[in-house]
Each structure stands twice: as C-alpha cells, then as structure tokens.
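> Structure file target-v3.csv, CSV, C-alpha atoms and all ligand atoms, is pasted below:
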chain,number,residue,atom,x,y,z
A,1,MET,CA,-29.5,27.0,127.9
A,2,PHE,CA,-32.9,25.5,127.8
A,3,ARG,CA,-34.6,23.4,130.4
A,4,LEU,CA,-37.6,21.1,130.5
A,5,THR,CA,-39.3,19.7,133.6
A,6,VAL,CA,-41.6,16.7,133.9
A,7,GLU,CA,-43.3,15.2,136.9
A,8,GLN,CA,-44.2,11.7,137.7
A,9,THR,CA,-45.3,9.7,140.7
A,10,PHE,CA,-44.7,6.3,142.1
A,11,SER,CA,-45.9,4.4,145.1
A,12,ALA,CA,-43.5,2.2,147.0
A,13,ALA,CA,-42.6,0.8,150.5
A,14,HIS,CA,-39.2,1.0,152.2
A,15,ARG,CA,-37.4,0.7,155.5
A,16,LEU,CA,-34.5,2.9,156.2
A,17,ARG,CA,-31.5,1.1,157.6
A,18,ILE,CA,-31.1,3.5,160.5
A,19,SER,CA,-31.1,1.7,163.8
A,20,GLY,CA,-33.5,3.1,166.3
A,21,HIS,CA,-35.1,5.5,163.9
A,22,LYS,CA,-38.9,5.2,163.4
A,23,CYS,CA,-38.4,5.1,159.6
A,24,GLU,CA,-36.7,1.7,160.2
A,25,ASN,CA,-40.3,0.3,160.3
A,26,LEU,CA,-41.8,-0.8,157.1
A,27,HIS,CA,-43.9,2.1,155.6
A,28,GLY,CA,-44.8,3.6,152.2
A,29,HIS,CA,-45.0,6.8,150.3
A,30,ASN,CA,-46.6,8.2,147.2
A,31,TRP,CA,-43.4,9.8,145.9
A,32,ARG,CA,-43.5,12.7,143.5
A,33,VAL,CA,-40.6,13.1,141.1
A,34,CYS,CA,-39.7,16.3,139.3
A,35,VAL,CA,-37.0,15.9,136.7
A,36,THR,CA,-35.4,18.8,134.9
A,37,ILE,CA,-33.1,18.3,131.9
A,38,GLU,CA,-31.1,20.9,130.0
A,39,GLY,CA,-29.4,21.4,126.7
A,40,ARG,CA,-27.9,24.3,124.7
A,41,GLU,CA,-29.3,23.5,121.3
A,42,LEU,CA,-32.9,23.1,120.2
A,43,ARG,CA,-33.7,20.6,117.5
A,44,GLU,CA,-34.9,21.8,114.1
A,45,ASP,CA,-38.5,21.5,115.3
A,46,GLY,CA,-37.8,24.0,118.1
A,47,MET,CA,-37.9,21.5,120.9
A,48,LEU,CA,-35.2,20.5,123.3
A,49,MET,CA,-36.9,17.1,123.5
A,50,ASP,CA,-40.5,16.0,123.1
A,51,PHE,CA,-42.3,16.0,126.5
A,52,HIS,CA,-43.8,12.7,125.5
A,53,ASP,CA,-40.4,11.1,124.9
A,54,LEU,CA,-39.0,12.6,128.1
A,55,LYS,CA,-41.9,11.3,130.2
A,56,ALA,CA,-41.4,7.8,128.6
A,57,LEU,CA,-37.7,7.8,129.7
A,58,VAL,CA,-38.5,9.0,133.2
A,59,GLY,CA,-41.3,6.4,133.3
A,60,ALA,CA,-38.9,3.6,132.4
A,61,VAL,CA,-36.7,4.5,135.3
A,62,VAL,CA,-39.4,5.3,137.8
A,63,GLY,CA,-41.5,2.3,136.7
A,64,ARG,CA,-38.9,-0.1,138.3
A,65,LEU,CA,-39.7,1.5,141.6
A,66,ASP,CA,-43.5,1.6,141.4
A,67,HIS,CA,-45.4,-0.7,143.7
A,68,ALA,CA,-42.1,-2.2,144.8
A,69,TYR,CA,-40.5,-2.9,148.2
A,70,LEU,CA,-37.4,-0.6,147.5
A,71,ASN,CA,-35.1,-2.5,149.8
A,72,ASP,CA,-35.4,-5.5,147.4
A,73,VAL,CA,-34.7,-3.4,144.2
A,74,PRO,CA,-31.1,-2.8,143.2
A,75,PRO,CA,-29.2,-0.6,144.1
A,76,PHE,CA,-31.4,-0.3,147.3
A,77,ASP,CA,-30.8,-3.9,148.2
A,78,ARG,CA,-27.3,-2.4,149.3
A,79,LEU,CA,-27.9,1.3,149.4
A,80,ASN,CA,-30.1,2.9,152.0
A,81,PRO,CA,-33.4,3.9,150.2
A,82,THR,CA,-33.4,7.5,151.4
A,83,THR,CA,-35.0,10.3,149.4
A,84,GLU,CA,-31.5,11.5,148.6
A,85,ASN,CA,-30.3,8.2,147.2
A,86,ILE,CA,-33.6,7.8,145.3
A,87,CYS,CA,-33.0,11.2,143.7
A,88,ARG,CA,-29.4,10.3,142.6
A,89,HIS,CA,-30.4,6.9,141.3
A,90,ILE,CA,-33.2,8.3,139.1
A,91,GLY,CA,-30.9,11.1,137.9
A,92,GLU,CA,-28.0,8.7,137.0
A,93,GLU,CA,-30.3,6.2,135.3
A,94,LEU,CA,-32.0,9.0,133.3
A,95,ALA,CA,-28.7,10.6,132.3
A,96,ALA,CA,-27.6,7.3,130.8
A,97,ARG,CA,-30.8,7.3,128.6
A,98,LEU,CA,-30.9,10.9,127.4
A,99,PRO,CA,-30.2,11.8,123.8
A,100,HIS,CA,-26.7,13.2,123.0
A,101,GLY,CA,-26.4,16.9,124.0
A,102,LEU,CA,-28.9,16.7,126.8
A,103,SER,CA,-28.1,16.3,130.5
A,104,VAL,CA,-29.9,16.1,133.9
A,105,HIS,CA,-30.1,19.5,135.6
A,106,ALA,CA,-31.9,18.3,138.7
A,107,VAL,CA,-34.0,15.6,140.2
A,108,GLN,CA,-36.3,16.5,143.1
A,109,VAL,CA,-38.2,13.8,144.9
A,110,PHE,CA,-41.1,14.6,147.3
A,111,GLU,CA,-41.6,12.0,150.0
A,112,THR,CA,-44.5,14.1,151.4
A,113,ASP,CA,-46.0,17.5,150.4
A,114,GLY,CA,-43.6,19.1,152.8
A,115,ASN,CA,-40.5,17.0,152.5
A,116,SER,CA,-38.4,16.8,149.4
A,117,GLY,CA,-34.8,16.2,148.5
A,118,ALA,CA,-32.9,17.0,145.3
A,119,TRP,CA,-29.8,15.8,143.4
A,120,LEU,CA,-27.9,17.9,141.0
A,121,PRO,CA,-25.0,16.3,139.1
A,122,ASP,CA,-21.5,17.9,139.6
A,201,ZN,ZN,-40.0,6.7,154.2
Represent the structure of the file as structure tokens.
Ligand SMILES: [Zn+2]


Amino acid sequence: MFRLTVEQTFSAAHRLRISGHKCENLHGHNWRVCVTIEGRELREDGMLMDFHDLKALVGAVVGRLDHAYLNDVPPFDRLNPTTENICRHIGEELAARLPHGLSVHAVQVFETDGNSGAWLPD
C-alpha cells in the first residue's frame, strides 16, 4: 500500500449550532487540511498520483469553503459546521474525484495549532 499526503489551508467563518456554547457566536479560523490518499498499485511512472494533480483536486473541494461563511455553504446550511463534519465533507467530496484505484485514507483538519479532528472512511 502506498500513501500520499498533501496539505492546504482555507479561511472561513462559521457559527456552531450549539445553544449556549461560545462557538455559537460568529467567528473564523484559518483551517489547515491534511489529506492522505492510498492505493496498492503505482502507475508506470512510479507515482501513485502526481502531487500537483492531487493538490488541484483538494483545492477544488477546499476552494468552495475558502473565504466563505460556512453556514451558508451546502451541506453546512443544514449540517453543523464542526471540524468533524468538515473533515468528512472534504473526504467524501475528494473520494468522488479520485482516479480509479485510489481512495481516501484520512482527512485531518486543524482548527487551531492545538485542535484538530480527523475522518477515516469505514
Ligand atoms: Zn470555530
């Protein structure tokens, strides 16, 4: 099994829909997203996937969230925009765009330097 990891950042505002919690107030983060994909077979050129191409795919998914108010962006207009849900959203969107034979191993999202969440598909 081979794995590749790329990192991207995005800036966005959100409000958690948790009554009485301070994160219910409008605030923002500079999120850091680490995505790891995996696959069993390398291409003939010895790569699992070109880093440039992987970054472009992650950028397409994350780009929808950058400089946005997450509570207005589907699926977060209905789904609480927690770090956990952001991880899963990015992972599922990326999985649908990966070339055949590759899958998402993990998505880790850092809300701050010390706080991160991760999603690993079943
Ligand atoms: Zn927050």

> Which is closer to ligand ZN 201 (chain A) than all the others in A:Val104, A:Ala12, A:Cys23, A:Val109, using all atoms listed in the file?

A:Cys23

> Write out as a PyMOL selection string which residues come within 8 Å of stretch 5-11 of chain A when counting only C-alpha atoms, dropping same-chain ones fewer than 4 positions away.

chain A and resi 28-37+51+54-55+58-59+62-63+65-68

> How would you write, as a list in words, the set of residues no farther than 8 Å from ligand ZN 201 (chain A) when counting all atoms listed in the file?

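Using all atoms listed in the file, I find these residues within 8 Å of ligand ZN 201 (chain A): Ala13, His14, Arg15, Leu16, Cys23, His27, Gly28, His29, Thr82, Thr83 and Glu111 of chain A.
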
> Between atom CA of A:Ile90 and atom CA of A:Leu70, what is the spacing in Å?

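About the pair atom CA of A:Leu70 and atom CA of A:Ile90: they are 12.9 Å apart.
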
> Within 6 Å of (-32.9, 15.7, 140.0), in the coordinates the file gives, what residues turn up when you count all atoms listed in the file, written out as a list in words?

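Looking at atoms near the point gives Val35, Cys87, Gly91, Ala106, Val107, Gln108, Ala118, Trp119 and Leu120 of chain A.
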
> In Å to one decimal, how far is atom CA of A:Gly39 from atom CA of A:Gly117?

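Value for the atom CA of A:Gly117-atom CA of A:Gly39 distance: 23.1 Å.
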
> Here is a test: counting only C-alpha atoms, which residue of A:Met49, A:Ala95, A:Met1, A:Ile86 is nearest to A:Phe110?

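Using only C-alpha atoms, the shortest distance to A:Phe110 belongs to A:Ile86.
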